[in-house]
$ cat entry30.txt   # compact mmCIF, C-alpha atoms (C1' of nucleotides)
# COMPACT_ATOMS: atom_id res chain seq x y z
CA MET A 27 137.73 137.59 120.54
CA SER A 28 137.40 133.97 119.50
CA LEU A 29 139.28 132.42 116.63
CA ARG A 30 136.01 132.07 114.82
CA ASP A 31 135.56 135.81 114.98
CA ASP A 32 139.13 136.39 113.88
CA ILE A 33 138.55 134.23 110.86
CA LEU A 34 135.41 136.15 110.05
CA VAL A 35 136.92 139.61 110.27
CA GLU A 36 140.03 138.59 108.41
CA SER A 37 138.22 136.86 105.58
CA ARG A 38 135.79 139.74 105.33
CA ASP A 39 138.75 142.06 105.13
CA MET A 40 140.34 140.02 102.38
CA LEU A 41 137.07 139.83 100.56
CA ILE A 42 136.58 143.58 100.63
CA LYS A 43 140.17 144.38 99.77
CA HIS A 44 140.87 141.85 97.05
CA GLY A 45 137.53 140.45 95.99
CA PHE A 46 136.12 137.05 96.54
CA GLY A 47 138.18 135.17 94.00
CA LYS A 48 141.34 135.79 95.96
CA VAL A 49 140.07 134.52 99.27
CA SER A 50 141.53 131.13 100.09
CA MET A 51 141.50 129.05 103.22
CA ARG A 52 145.25 128.95 103.47
CA LYS A 53 145.59 132.70 103.11
CA ILE A 54 143.00 133.32 105.77
CA ALA A 55 144.77 130.84 108.01
CA LYS A 56 148.08 132.59 107.53
CA LYS A 57 146.50 135.93 108.38
CA VAL A 58 145.14 134.67 111.68
CA ASN A 59 148.29 132.69 112.42
CA VAL A 60 146.77 129.29 112.44
CA SER A 61 146.84 126.22 110.25
CA ALA A 62 144.41 126.08 107.36
CA THR A 63 142.65 123.05 108.69
CA SER A 64 141.76 124.83 111.89
CA ILE A 65 139.20 126.82 109.99
CA TYR A 66 137.30 123.60 109.51
CA LEU A 67 136.83 123.33 113.24
CA HIS A 68 134.73 126.49 113.10
CA PHE A 69 133.19 126.27 109.67
CA LYS A 70 132.00 123.20 107.84
CA ASN A 71 133.71 124.28 104.64
CA LYS A 72 134.50 127.31 102.54
CA ASP A 73 130.90 127.74 101.46
CA ASP A 74 129.84 127.71 105.05
CA LEU A 75 132.31 130.46 105.84
CA LEU A 76 131.08 132.35 102.83
CA LEU A 77 127.55 131.96 104.07
CA ALA A 78 128.48 133.56 107.38
CA LEU A 79 129.90 136.52 105.49
CA ILE A 80 126.82 136.73 103.33
CA GLU A 81 124.61 136.68 106.34
CA SER A 82 126.31 139.55 108.01
CA SER A 83 126.34 141.52 104.77
CA ILE A 84 122.65 140.99 104.35
CA GLU A 85 122.19 142.10 107.89
CA LYS A 86 124.18 145.22 107.20
CA LEU A 87 122.19 146.05 104.09
CA SER A 88 118.96 145.31 105.85
CA TYR A 89 120.00 147.52 108.72
CA VAL A 90 120.88 150.40 106.43
CA LEU A 91 117.58 150.19 104.62
CA LYS A 92 115.56 149.89 107.77
CA ASP A 93 117.42 152.85 109.16
CA GLU A 94 116.66 155.03 106.17
CA MET A 95 113.09 153.90 106.20
CA VAL A 96 111.69 157.05 107.75
CA GLN A 97 108.05 157.34 108.56
CA GLY A 98 105.92 159.51 106.37
CA ASP A 99 102.80 159.47 104.31
CA ASP A 100 104.22 159.82 100.82
CA PRO A 101 104.84 156.36 99.39
CA VAL A 102 106.60 157.80 96.37
CA ALA A 103 109.11 159.62 98.54
CA LYS A 104 109.60 156.50 100.60
CA LEU A 105 110.24 154.43 97.53
CA GLU A 106 112.77 156.96 96.31
CA LYS A 107 114.51 156.90 99.64
CA MET A 108 114.68 153.13 99.52
CA THR A 109 116.09 152.95 96.03
CA ASP A 110 118.63 155.64 96.87
CA SER A 111 119.79 153.82 99.95
CA PHE A 112 119.92 150.53 98.15
CA LEU A 113 122.02 151.83 95.29
CA LYS A 114 124.20 153.81 97.67
CA PHE A 115 124.94 150.72 99.68
CA ALA A 116 125.74 148.77 96.55
CA ILE A 117 128.29 151.21 95.15
CA GLU A 118 129.82 151.99 98.52
CA ASN A 119 130.20 148.34 99.47
CA PRO A 120 130.63 146.61 96.15
CA GLN A 121 132.29 143.44 97.41
CA GLU A 122 129.80 143.01 100.19
CA TYR A 123 126.96 143.62 97.81
CA GLU A 124 128.37 141.14 95.39
CA ILE A 125 128.61 138.23 97.75
CA ILE A 126 125.00 138.73 98.77
CA TYR A 127 124.08 138.00 95.20
CA MET A 128 126.84 135.59 94.44
CA VAL A 129 125.40 132.49 95.96
CA ARG A 130 122.55 130.90 94.15
CA HIS A 131 119.98 129.17 96.31
CA GLU A 132 119.52 126.14 94.11
CA GLU A 133 123.14 125.24 93.83
CA MET A 134 123.51 125.10 97.56
CA PRO A 135 120.42 123.55 99.06
CA LYS A 136 122.58 122.76 102.04
CA TYR A 137 122.04 126.29 103.17
CA PRO A 138 119.00 126.53 105.37
CA LYS A 139 116.49 128.86 103.87
CA GLU A 140 115.88 130.52 107.21
CA LYS A 141 119.26 132.11 106.78
CA PHE A 142 117.78 134.18 104.04
CA GLU A 143 114.80 135.28 106.05
CA GLN A 144 116.44 138.63 106.60
CA ILE A 145 116.53 139.34 102.91
CA ARG A 146 112.95 138.32 102.55
CA LYS A 147 112.06 140.88 105.14
CA ILE A 148 113.42 143.55 102.86
CA TYR A 149 111.07 142.44 100.14
CA GLU A 150 108.25 142.68 102.60
CA MET A 151 109.27 146.21 103.47
CA LEU A 152 109.11 147.19 99.83
CA ALA A 153 105.82 145.38 99.42
CA GLU A 154 104.42 147.32 102.33
CA ILE A 155 105.31 150.64 100.77
CA ILE A 156 103.85 149.56 97.48
CA ARG A 157 100.69 148.35 99.15
CA GLU A 158 100.34 151.72 100.81
CA GLY A 159 100.74 153.50 97.49
CA GLN A 160 98.23 151.14 95.98
CA ASN A 161 95.68 152.04 98.61
CA LYS A 162 96.23 155.71 97.97
CA LYS A 163 95.74 155.06 94.25
CA LEU A 164 99.23 156.31 93.59
CA PHE A 165 100.70 153.07 92.34
CA GLN A 166 99.28 150.89 89.66
CA VAL A 167 100.08 147.36 90.68
CA GLU A 168 98.29 144.06 90.81
CA ASP A 169 100.23 142.13 93.39
CA PRO A 170 102.34 144.27 95.73
CA LEU A 171 104.62 141.40 96.70
CA MET A 172 105.34 140.48 93.13
CA SER A 173 105.90 144.12 92.26
CA ALA A 174 108.26 144.43 95.20
CA TYR A 175 110.29 141.64 93.65
CA THR A 176 110.34 143.28 90.25
CA LEU A 177 111.42 146.53 91.85
CA TRP A 178 114.16 144.69 93.65
CA ALA A 179 115.27 142.91 90.52
CA GLN A 180 115.49 146.13 88.55
CA LEU A 181 117.49 147.81 91.26
CA HIS A 182 119.79 144.85 91.37
CA GLY A 183 120.32 145.08 87.64
CA VAL A 184 121.28 148.71 87.87
CA ALA A 185 123.58 148.12 90.81
CA SER A 186 125.30 145.15 89.25
CA VAL A 187 125.90 146.91 85.97
CA VAL A 188 127.58 149.78 87.76
CA ILE A 189 129.56 147.60 90.12
CA SER A 190 130.92 145.36 87.42
CA LYS A 191 131.88 148.45 85.42
CA ARG A 192 129.86 147.34 82.50
CA LEU A 193 128.70 150.84 81.79
CA ASP A 194 129.63 152.64 78.63
CA THR A 195 132.50 155.00 79.38
CA ARG A 196 130.49 157.82 77.85
CA ILE A 197 127.95 157.49 80.62
CA PRO A 198 128.68 158.84 84.11
CA SER A 199 127.48 156.34 86.65
CA GLY A 200 125.92 158.92 88.95
CA GLU A 201 123.61 160.26 86.29
CA PHE A 202 122.96 156.75 85.11
CA MET A 203 121.75 155.67 88.49
CA ASN A 204 119.56 158.72 88.88
CA GLN A 205 118.04 158.18 85.50
CA ALA A 206 117.48 154.55 86.28
CA LYS A 207 115.84 155.40 89.56
CA ASP A 208 113.45 157.74 87.78
CA HIS A 209 112.50 155.16 85.19
CA ILE A 210 112.03 152.46 87.77
CA ILE A 211 109.80 154.49 90.03
CA GLN A 212 107.95 155.93 87.08
CA GLY A 213 107.10 152.37 86.19
CA PHE A 214 105.01 152.00 89.30
CA ILE A 215 103.15 155.25 89.25
CA THR A 216 99.55 155.34 88.17
CA GLN A 217 99.14 156.31 84.55
CA LYS A 218 96.52 158.45 82.98
CA THR A 219 97.01 156.90 79.57
CA PRO A 220 96.72 159.68 76.98
CA ALA A 221 93.26 159.40 75.44
CA MET B 9 137.11 120.52 62.02
CA SER B 10 140.19 121.91 63.68
CA LEU B 11 141.23 121.13 67.22
CA ARG B 12 140.49 124.70 68.15
CA ASP B 13 136.92 124.22 67.06
CA ASP B 14 136.71 120.92 68.90
CA ILE B 15 137.84 122.63 72.05
CA LEU B 16 135.27 125.34 71.56
CA VAL B 17 132.31 123.05 71.00
CA GLU B 18 133.31 120.73 73.79
CA SER B 19 133.88 123.47 76.34
CA ARG B 20 130.68 125.17 75.31
CA ASP B 21 128.91 121.86 75.77
CA MET B 22 130.41 121.41 79.22
CA LEU B 23 129.53 124.95 80.09
CA ILE B 24 125.92 124.54 79.11
CA LYS B 25 125.54 121.13 80.68
CA HIS B 26 127.34 121.61 83.97
CA GLY B 27 127.83 125.32 84.39
CA PHE B 28 130.97 127.34 84.19
CA GLY B 29 132.41 126.39 87.54
CA LYS B 30 132.89 122.81 86.42
CA VAL B 31 134.76 123.59 83.24
CA SER B 32 138.44 122.82 83.60
CA MET B 33 141.25 122.67 81.11
CA ARG B 34 142.04 119.07 81.89
CA LYS B 35 138.46 117.97 81.51
CA ILE B 36 138.13 119.71 78.19
CA ALA B 37 141.39 118.12 77.10
CA LYS B 38 140.16 114.70 78.04
CA LYS B 39 136.95 115.22 76.09
CA VAL B 40 138.80 116.10 72.92
CA ASN B 41 141.43 113.41 73.49
CA VAL B 42 144.38 115.64 73.82
CA SER B 43 146.72 116.77 76.56
CA ALA B 44 145.64 119.73 78.64
CA THR B 45 148.55 121.84 77.57
CA SER B 46 147.58 121.56 73.94
CA ILE B 47 144.74 123.93 74.64
CA TYR B 48 147.33 126.59 75.28
CA LEU B 49 148.48 126.31 71.72
CA HIS B 50 145.12 127.58 70.60
CA PHE B 51 144.14 129.83 73.48
CA LYS B 52 146.35 132.06 75.55
CA ASN B 53 144.77 130.85 78.76
CA LYS B 54 141.47 129.86 80.27
CA ASP B 55 140.16 133.40 80.25
CA ASP B 56 140.97 133.64 76.59
CA LEU B 57 139.00 130.49 75.90
CA LEU B 58 136.19 131.88 78.00
CA LEU B 59 136.27 135.05 75.96
CA ALA B 60 135.80 133.09 72.77
CA LEU B 61 132.73 131.47 74.28
CA ILE B 62 131.44 134.82 75.44
CA GLU B 63 131.90 136.28 72.03
CA SER B 64 129.86 133.65 70.30
CA SER B 65 127.18 133.88 72.95
CA ILE B 66 126.95 137.61 72.49
CA GLU B 67 126.71 137.05 68.80
CA LYS B 68 123.90 134.60 69.32
CA LEU B 69 121.97 136.98 71.57
CA SER B 70 122.59 139.85 69.24
CA TYR B 71 121.40 137.75 66.33
CA VAL B 72 118.22 136.73 68.13
CA LEU B 73 117.39 140.31 69.02
CA LYS B 74 118.14 141.62 65.57
CA ASP B 75 116.00 138.88 64.15
CA GLU B 76 113.01 139.71 66.30
CA MET B 77 113.47 143.36 65.59
CA VAL B 78 110.65 143.67 63.09
CA GLN B 79 109.95 146.90 61.36
CA GLY B 80 106.94 148.90 62.40
CA ASP B 81 105.89 152.28 63.57
CA ASP B 82 104.90 151.54 67.15
CA PRO B 83 107.92 152.06 69.38
CA VAL B 84 106.09 150.68 72.39
CA ALA B 85 105.35 147.43 70.60
CA LYS B 86 108.94 147.26 69.44
CA LEU B 87 110.22 147.77 72.93
CA GLU B 88 107.96 145.03 74.20
CA LYS B 89 109.18 142.71 71.52
CA MET B 90 112.75 143.45 72.47
CA THR B 91 112.26 142.87 76.16
CA ASP B 92 110.38 139.67 75.46
CA SER B 93 113.11 138.35 73.23
CA PHE B 94 115.78 139.36 75.66
CA LEU B 95 114.17 137.65 78.62
CA LYS B 96 113.29 134.64 76.54
CA PHE B 97 116.88 134.22 75.47
CA ALA B 98 118.06 134.57 79.03
CA ILE B 99 115.84 131.88 80.50
CA GLU B 100 116.23 129.53 77.56
CA ASN B 101 120.02 129.82 77.51
CA PRO B 102 120.86 130.50 81.12
CA GLN B 103 124.48 129.38 81.03
CA GLU B 104 125.19 131.27 77.86
CA TYR B 105 123.49 134.32 79.23
CA GLU B 106 125.48 134.07 82.40
CA ILE B 107 128.90 134.01 80.85
CA ILE B 108 128.06 137.10 78.84
CA TYR B 109 127.68 138.91 82.12
CA MET B 110 130.29 137.03 84.03
CA VAL B 111 133.34 138.81 82.82
CA ARG B 112 133.90 142.29 84.09
CA HIS B 113 135.60 144.66 81.72
CA GLU B 114 137.85 146.32 84.26
CA GLU B 115 139.28 143.15 85.66
CA MET B 116 140.43 142.04 82.27
CA PRO B 117 141.72 144.99 80.35
CA LYS B 118 143.64 142.49 78.28
CA TYR B 119 140.47 141.89 76.35
CA PRO B 120 140.27 144.24 73.44
CA LYS B 121 137.21 146.40 73.67
CA GLU B 122 136.36 145.79 70.06
CA LYS B 123 135.34 142.33 71.10
CA PHE B 124 132.44 143.89 72.88
CA GLU B 125 131.37 146.04 69.99
CA GLN B 126 128.62 143.59 69.22
CA ILE B 127 127.03 144.12 72.59
CA ARG B 128 127.30 147.85 72.22
CA LYS B 129 125.35 147.57 69.00
CA ILE B 130 122.47 146.14 70.97
CA TYR B 131 122.43 149.20 73.16
CA GLU B 132 122.34 151.32 70.07
CA MET B 133 119.38 149.36 68.78
CA LEU B 134 117.50 150.03 71.98
CA ALA B 135 118.54 153.67 71.91
CA GLU B 136 117.19 153.93 68.39
CA ILE B 137 113.79 152.65 69.40
CA ILE B 138 113.72 154.98 72.36
CA ARG B 139 114.73 157.92 70.22
CA GLU B 140 111.90 157.12 67.87
CA GLY B 141 109.42 157.03 70.73
CA GLN B 142 110.84 160.26 72.00
CA ASN B 143 110.22 161.94 68.69
CA LYS B 144 106.66 160.70 68.67
CA LYS B 145 106.24 162.07 72.19
CA LEU B 146 105.49 158.59 73.45
CA PHE B 147 108.50 158.20 75.66
CA GLN B 148 109.62 160.60 78.30
CA VAL B 149 113.39 160.46 78.27
CA GLU B 150 116.23 162.92 78.38
CA ASP B 151 119.07 161.00 76.83
CA PRO B 152 118.02 158.01 74.71
CA LEU B 153 121.39 156.31 74.96
CA MET B 154 121.48 156.57 78.71
CA SER B 155 117.90 155.37 78.93
CA ALA B 156 118.79 152.45 76.70
CA TYR B 157 121.40 151.51 79.25
CA THR B 158 119.01 151.77 82.16
CA LEU B 159 116.50 149.67 80.26
CA TRP B 160 119.18 147.11 79.63
CA ALA B 161 120.24 147.10 83.26
CA GLN B 162 116.68 146.68 84.46
CA LEU B 163 116.15 143.77 82.12
CA HIS B 164 119.39 142.23 83.21
CA GLY B 165 118.31 142.44 86.82
CA VAL B 166 115.09 140.62 86.08
CA ALA B 167 116.83 137.97 84.02
CA SER B 168 119.56 137.36 86.55
CA VAL B 169 117.14 137.07 89.43
CA VAL B 170 115.18 134.42 87.58
CA ILE B 171 118.20 132.55 86.32
CA SER B 172 119.88 132.36 89.68
CA LYS B 173 116.60 131.14 91.16
CA ARG B 174 116.56 133.91 93.65
CA LEU B 175 112.84 134.34 93.29
CA ASP B 176 110.48 133.68 96.13
CA THR B 177 108.95 130.25 95.66
CA ARG B 178 105.53 131.80 96.02
CA ILE B 179 106.09 133.71 92.81
CA PRO B 180 105.85 132.00 89.42
CA SER B 181 108.66 133.19 87.24
CA GLY B 182 106.53 133.59 84.14
CA GLU B 183 104.16 136.02 85.77
CA PHE B 184 107.06 137.71 87.44
CA MET B 185 108.74 138.42 84.15
CA ASN B 186 105.55 139.68 82.59
CA GLN B 187 104.91 141.96 85.52
CA ALA B 188 108.47 143.19 85.38
CA LYS B 189 108.20 143.86 81.68
CA ASP B 190 105.08 145.95 82.26
CA HIS B 191 106.70 147.98 84.99
CA ILE B 192 109.83 148.54 83.01
CA ILE B 193 108.10 149.72 79.88
CA GLN B 194 105.67 151.76 81.90
CA GLY B 195 108.67 153.56 83.27
CA PHE B 196 109.46 154.98 79.87
CA ILE B 197 106.05 156.00 78.76
CA THR B 198 105.06 159.63 78.85
CA GLN B 199 103.14 160.55 81.94
CA LYS B 200 100.19 162.82 82.27
CA THR B 201 100.83 163.46 85.93
CA PRO B 202 97.44 163.60 87.68
CA ALA B 203 96.66 167.27 88.27
C1' DT C 19 167.67 114.35 48.27
C1' DG C 20 168.99 116.22 52.60
C1' DA C 21 168.93 119.90 56.02
C1' DT C 22 166.27 122.72 58.62
C1' DA C 23 162.66 125.24 60.45
C1' DT C 24 158.10 125.24 62.24
C1' DA C 25 153.97 123.61 63.98
C1' DA C 26 151.39 120.43 66.93
C1' DC C 27 151.66 117.86 70.47
C1' DT C 28 153.56 115.50 74.73
C1' DT C 29 155.31 114.79 79.67
C1' DA C 30 156.95 116.68 83.95
C1' DA C 31 156.70 119.96 87.02
C1' DC C 32 155.37 124.21 89.88
C1' DA C 33 152.53 126.48 92.80
C1' DC C 34 148.31 126.73 94.07
C1' DT C 35 143.38 125.17 95.65
C1' DG C 36 139.67 122.75 99.12
C1' DT C 37 139.34 119.01 102.13
C1' DT C 38 140.22 114.70 104.98
C1' DA C 39 142.60 111.60 108.15
C1' DA C 40 145.47 110.86 111.76
C1' DC C 41 147.70 112.53 115.53
C1' DC C 42 148.81 115.41 119.76
C1' DA C 43 148.14 118.33 123.92
C1' DC C 44 145.54 120.06 127.37
C1' DG C 45 141.80 120.90 130.90
C1' DC C 46 137.61 118.92 132.94
C1' DG C 47 134.51 115.72 135.53
C1' DT C 48 134.09 111.27 137.68
C1' DA D 6 144.29 108.59 137.65
C1' DC D 7 141.60 107.86 133.99
C1' DG D 8 139.05 108.88 130.04
C1' DC D 9 137.28 112.17 127.03
C1' DG D 10 136.13 116.04 124.43
C1' DT D 11 138.00 120.48 122.55
C1' DG D 12 141.07 122.86 119.65
C1' DG D 13 144.85 122.63 117.48
C1' DT D 14 148.60 120.29 114.43
C1' DT D 15 151.05 117.92 110.09
C1' DA D 16 150.79 115.09 106.04
C1' DA D 17 148.42 113.84 102.35
C1' DC D 18 144.97 113.45 98.36
C1' DA D 19 142.98 115.02 94.41
C1' DG D 20 142.22 118.63 91.74
C1' DT D 21 143.29 123.36 89.57
C1' DG D 22 145.83 126.80 85.91
C1' DT D 23 150.07 127.31 83.79
C1' DT D 24 155.04 126.95 82.16
C1' DA D 25 159.20 124.78 80.41
C1' DA D 26 161.33 121.48 78.01
C1' DG D 27 161.28 117.72 74.93
C1' DT D 28 159.41 115.01 70.85
C1' DT D 29 157.74 114.18 66.39
C1' DA D 30 155.95 114.99 62.00
C1' DT D 31 155.37 117.91 58.21
C1' DA D 32 156.55 121.42 54.99
C1' DT D 33 160.09 124.43 52.83
C1' DC D 34 164.23 125.48 50.67
C1' DA D 35 169.33 124.73 48.86
$ encode --input "entry30.txt" --output "structure tokens"
Amino acid sequence: MSLRDDILVESRDMLIKHGFGKVSMRKIAKKVNVSATSIYLHFKNKDDLLLALIESSIEKLSYVLKDEMVQGDDPVAKLEKMTDSFLKFAIENPQEYEIIYMVRHEEMPKYPKEKFEQIRKIYEMLAEIIREGQNKKLFQVEDPLMSAYTLWAQLHGVASVVISKRLDTRIPSGEFMNQAKDHIIQGFITQKTPA
Amino acid sequence: MSLRDDILVESRDMLIKHGFGKVSMRKIAKKVNVSATSIYLHFKNKDDLLLALIESSIEKLSYVLKDEMVQGDDPVAKLEKMTDSFLKFAIENPQEYEIIYMVRHEEMPKYPKEKFEQIRKIYEMLAEIIREGQNKKLFQVEDPLMSAYTLWAQLHGVASVVISKRLDTRIPSGEFMNQAKDHIIQGFITQKTPA
DNA sequence: TGATATAACTTAACACTGTTAACCACGCGT
DNA sequence: ACGCGTGGTTAACAGTGTTAAGTTATATCA
């Protein structure tokens, strides 16, 4: 295993164990028994290292979702499966989930957008399901891609609220997430407006 | 105006202008023509100063929402008004919005929970509207308070995605937010499930 | 008035942080 | 044998939050 890989696994480990704020170049270096500056031979800077971690986390999430994405003909069931998997991943891998959403594109234009292609593919997956539901007159949407993004955003909101423990203590997070899932999916389903 | 106030307005200014990451004790100190350590006479530490900023931002948001919260008998319209105001505040005051959601309760138990009473009151406002809609058989919810939290989380997701510019460039943020609003509110409205 | 306590502020320092420059050792191809 | 790139080093810079100790001015009380 190369030093680059060592750095990656060790920093990922630190990230998951102690959160991103506590990850420092010198600490990583100490862990892999190397001087701090050596890291710069393999990564341009800390952000670049972070990006590598983000990438692999995105890949992991994307893999999980793709894996759960069973074939079937019920778009509603598919959407439920997706939201379940998404939220499950988020609460089971909070630190990894967090770094995916930590970096803001604008603030680091240095990062090539292609790196985020993977995450765009997830949107497209969602859009595909929504499009299918639209064709079957099950979903009431105008633009499936845009709706995929709104779905995504809502899910992210739910996940982030739970992860950052911002939930009222009176409210159990499991029920909260289920309720949220229901509301979110309900929001896409075709309405027969009363009267 | 006291030095404490000077520190507050100057740090708030820095926060809004350059984002939170660039706010440092020494820079604030320089701005108010005082030594960095003087800040510690008025605030326990940087987090404490941050908390003060958060508090006033929450107050501002809470004030805006309460202000827009017109009386009326249409819960749906009220909910729309609320979501509009919420999202409007978020995109018009991105830095202020961000710090509200930056701090995570668990990681700083030092912060007295009462400080966040204000934000809890907003949930209660939402819950009240939802309860009203529930009584009028307009909304399909089990627990209004829990649903208020899911609504809040969904809105937060939408806001945060827009603020952190994580939106696909193909998608105009205005339309995105409108679409999201529709989906979200739709998710609460009573369904006449087809057949 | 004179002593003293307290508040507001300072400087110096500690222990960190990311990052750069300069240097060193080693294996490879010509 | 020479040069050169590759992968590592140490020392240093500039910045961070924070603490301890010292100063100075102001207000209070005998």
$ atom_distance --input "entry30.txt" --atom1 "atom C1' of DC34 of chain D" --atom2 "atom C1' of DT22 of chain C"
8.7 Å
$ atom_distance --input "entry30.txt" --atom1 "atom CA of Val170 of chain B" --atom2 "atom CA of Thr91 of chain B"
14.5 Å
$ closest_residue --input "entry30.txt" --among "B:Ser46, B:Gly29, B:Val17, B:Val78" --to "chain A" --atoms "all atoms listed in the file"
B:Gly29
$ interface_residues --input "entry30.txt" --of "chain A" --to "chain B" --cutoff "8 Å" --atoms "all atoms listed in the file" --output "CSV table (one decimal) with C-alpha atoms, in the coordinates of the input"
chain,number,residue,atom,x,y,z
A,130,ARG,CA,122.6,130.9,94.2
A,131,HIS,CA,120.0,129.2,96.3
A,132,GLU,CA,119.5,126.1,94.1
A,172,MET,CA,105.3,140.5,93.1
A,173,SER,CA,105.9,144.1,92.3
A,175,TYR,CA,110.3,141.6,93.6
A,176,THR,CA,110.3,143.3,90.2
A,177,LEU,CA,111.4,146.5,91.8
A,179,ALA,CA,115.3,142.9,90.5
A,180,GLN,CA,115.5,146.1,88.6
A,181,LEU,CA,117.5,147.8,91.3
A,182,HIS,CA,119.8,144.8,91.4
A,183,GLY,CA,120.3,145.1,87.6
A,184,VAL,CA,121.3,148.7,87.9
A,186,SER,CA,125.3,145.2,89.2
A,187,VAL,CA,125.9,146.9,86.0
A,190,SER,CA,130.9,145.4,87.4
A,191,LYS,CA,131.9,148.4,85.4
A,192,ARG,CA,129.9,147.3,82.5
A,193,LEU,CA,128.7,150.8,81.8
A,197,ILE,CA,128.0,157.5,80.6
A,202,PHE,CA,123.0,156.8,85.1
A,203,MET,CA,121.8,155.7,88.5
A,205,GLN,CA,118.0,158.2,85.5
A,206,ALA,CA,117.5,154.6,86.3
A,208,ASP,CA,113.4,157.7,87.8
A,209,HIS,CA,112.5,155.2,85.2
A,210,ILE,CA,112.0,152.5,87.8
A,211,ILE,CA,109.8,154.5,90.0
A,212,GLN,CA,108.0,155.9,87.1
A,213,GLY,CA,107.1,152.4,86.2
A,214,PHE,CA,105.0,152.0,89.3
A,217,GLN,CA,99.1,156.3,84.6
A,218,LYS,CA,96.5,158.4,83.0
A,219,THR,CA,97.0,156.9,79.6
A,220,PRO,CA,96.7,159.7,77.0
$ interface_residues --input "entry30.txt" --of "chain B" --to "chain D" --cutoff "8 Å" --atoms "only C-alpha atoms (C1' of nucleotides)" --output "short mmCIF file (atom, residue, chain, number, x, y, z; two decimals) with C-alpha atoms, in the frame of the given file"
data_model
loop_
_atom_site.label_atom_id
_atom_site.label_comp_id
_atom_site.auth_asym_id
_atom_site.auth_seq_id
_atom_site.Cartn_x
_atom_site.Cartn_y
_atom_site.Cartn_z
CA SER B 32 138.44 122.82 83.60
CA MET B 33 141.25 122.67 81.11
CA LYS B 54 141.47 129.86 80.27
#
$ atom_distance --input "entry30.txt" --atom1 "atom CA of Ser19 of chain B" --atom2 "atom CA of Val40 of chain B"
9.5 Å
$ closest_atom_pairs --input "entry30.txt" --of "chain B" --to "chain C" --cutoff "12 Å" --atoms "all atoms listed in the file" --output "tab-separated table"
residue	atom	partner	partner_atom	distance
B:Ser10	CA	C:DA26	C1'	11.8
B:Leu11	CA	C:DA26	C1'	10.2
B:Arg12	CA	C:DA26	C1'	11.8
B:Asn41	CA	C:DC27	C1'	11.6
B:Val42	CA	C:DC27	C1'	8.3
B:Ser43	CA	C:DT28	C1'	7.2
B:Ala44	CA	C:DT28	C1'	9.8
B:Thr45	CA	C:DT28	C1'	8.6
B:Ser46	CA	C:DC27	C1'	6.5
B:Ile47	CA	C:DC27	C1'	10.1
B:Tyr48	CA	C:DC27	C1'	10.9
B:Leu49	CA	C:DA26	C1'	8.1
B:His50	CA	C:DA26	C1'	10.2
$ residues_around --input "entry30.txt" --residues "Asp93 of chain A" --least-positions-apart "4" --cutoff "12 Å" --atoms "only C-alpha atoms (C1' of nucleotides)" --output "compact mmCIF listing (two decimals) with C-alpha atoms, in the frame of the given file"
# COMPACT_ATOMS: atom_id res chain seq x y z
CA GLU A 85 122.19 142.10 107.89
CA LYS A 86 124.18 145.22 107.20
CA LEU A 87 122.19 146.05 104.09
CA SER A 88 118.96 145.31 105.85
CA TYR A 89 120.00 147.52 108.72
CA GLN A 97 108.05 157.34 108.56
CA LYS A 107 114.51 156.90 99.64
CA MET A 108 114.68 153.13 99.52
CA SER A 111 119.79 153.82 99.95
CA PHE A 112 119.92 150.53 98.15
CA ILE A 148 113.42 143.55 102.86
CA MET A 151 109.27 146.21 103.47
$ build_atoms --input "entry30.txt" --residues "segment 89-97 of chain A" --atoms "N, CA and C atoms" --output "mmCIF file, in the coordinates of the input"
data_model
loop_
_atom_site.group_PDB
_atom_site.id
_atom_site.type_symbol
_atom_site.label_atom_id
_atom_site.label_comp_id
_atom_site.auth_asym_id
_atom_site.auth_seq_id
_atom_site.Cartn_x
_atom_site.Cartn_y
_atom_site.Cartn_z
ATOM 1 N N TYR A 89 119.945 146.505 107.675
ATOM 2 C CA TYR A 89 120.000 147.520 108.720
ATOM 3 C C TYR A 89 119.986 148.917 108.112
ATOM 4 N N VAL A 90 120.811 149.098 107.091
ATOM 5 C CA VAL A 90 120.880 150.400 106.430
ATOM 6 C C VAL A 90 119.514 150.810 105.887
ATOM 7 N N LEU A 91 118.866 149.862 105.220
ATOM 8 C CA LEU A 91 117.580 150.190 104.620
ATOM 9 C C LEU A 91 116.538 150.501 105.697
ATOM 10 N N LYS A 92 116.529 149.676 106.706
ATOM 11 C CA LYS A 92 115.560 149.890 107.770
ATOM 12 C C LYS A 92 115.785 151.245 108.429
ATOM 13 N N ASP A 93 117.058 151.597 108.514
ATOM 14 C CA ASP A 93 117.420 152.850 109.160
ATOM 15 C C ASP A 93 116.930 154.044 108.353
ATOM 16 N N GLU A 94 117.052 153.930 107.048
ATOM 17 C CA GLU A 94 116.660 155.030 106.170
ATOM 18 C C GLU A 94 115.155 155.090 105.981
ATOM 19 N N MET A 95 114.523 154.055 106.427
ATOM 20 C CA MET A 95 113.090 153.900 106.200
ATOM 21 C C MET A 95 112.313 154.801 107.149
ATOM 22 N N VAL A 96 112.386 156.093 106.885
ATOM 23 C CA VAL A 96 111.690 157.050 107.750
ATOM 24 C C VAL A 96 110.179 156.931 107.606
ATOM 25 N N GLN A 97 109.507 157.334 108.634
ATOM 26 C CA GLN A 97 108.050 157.340 108.560
ATOM 27 C C GLN A 97 107.594 158.549 107.765
#
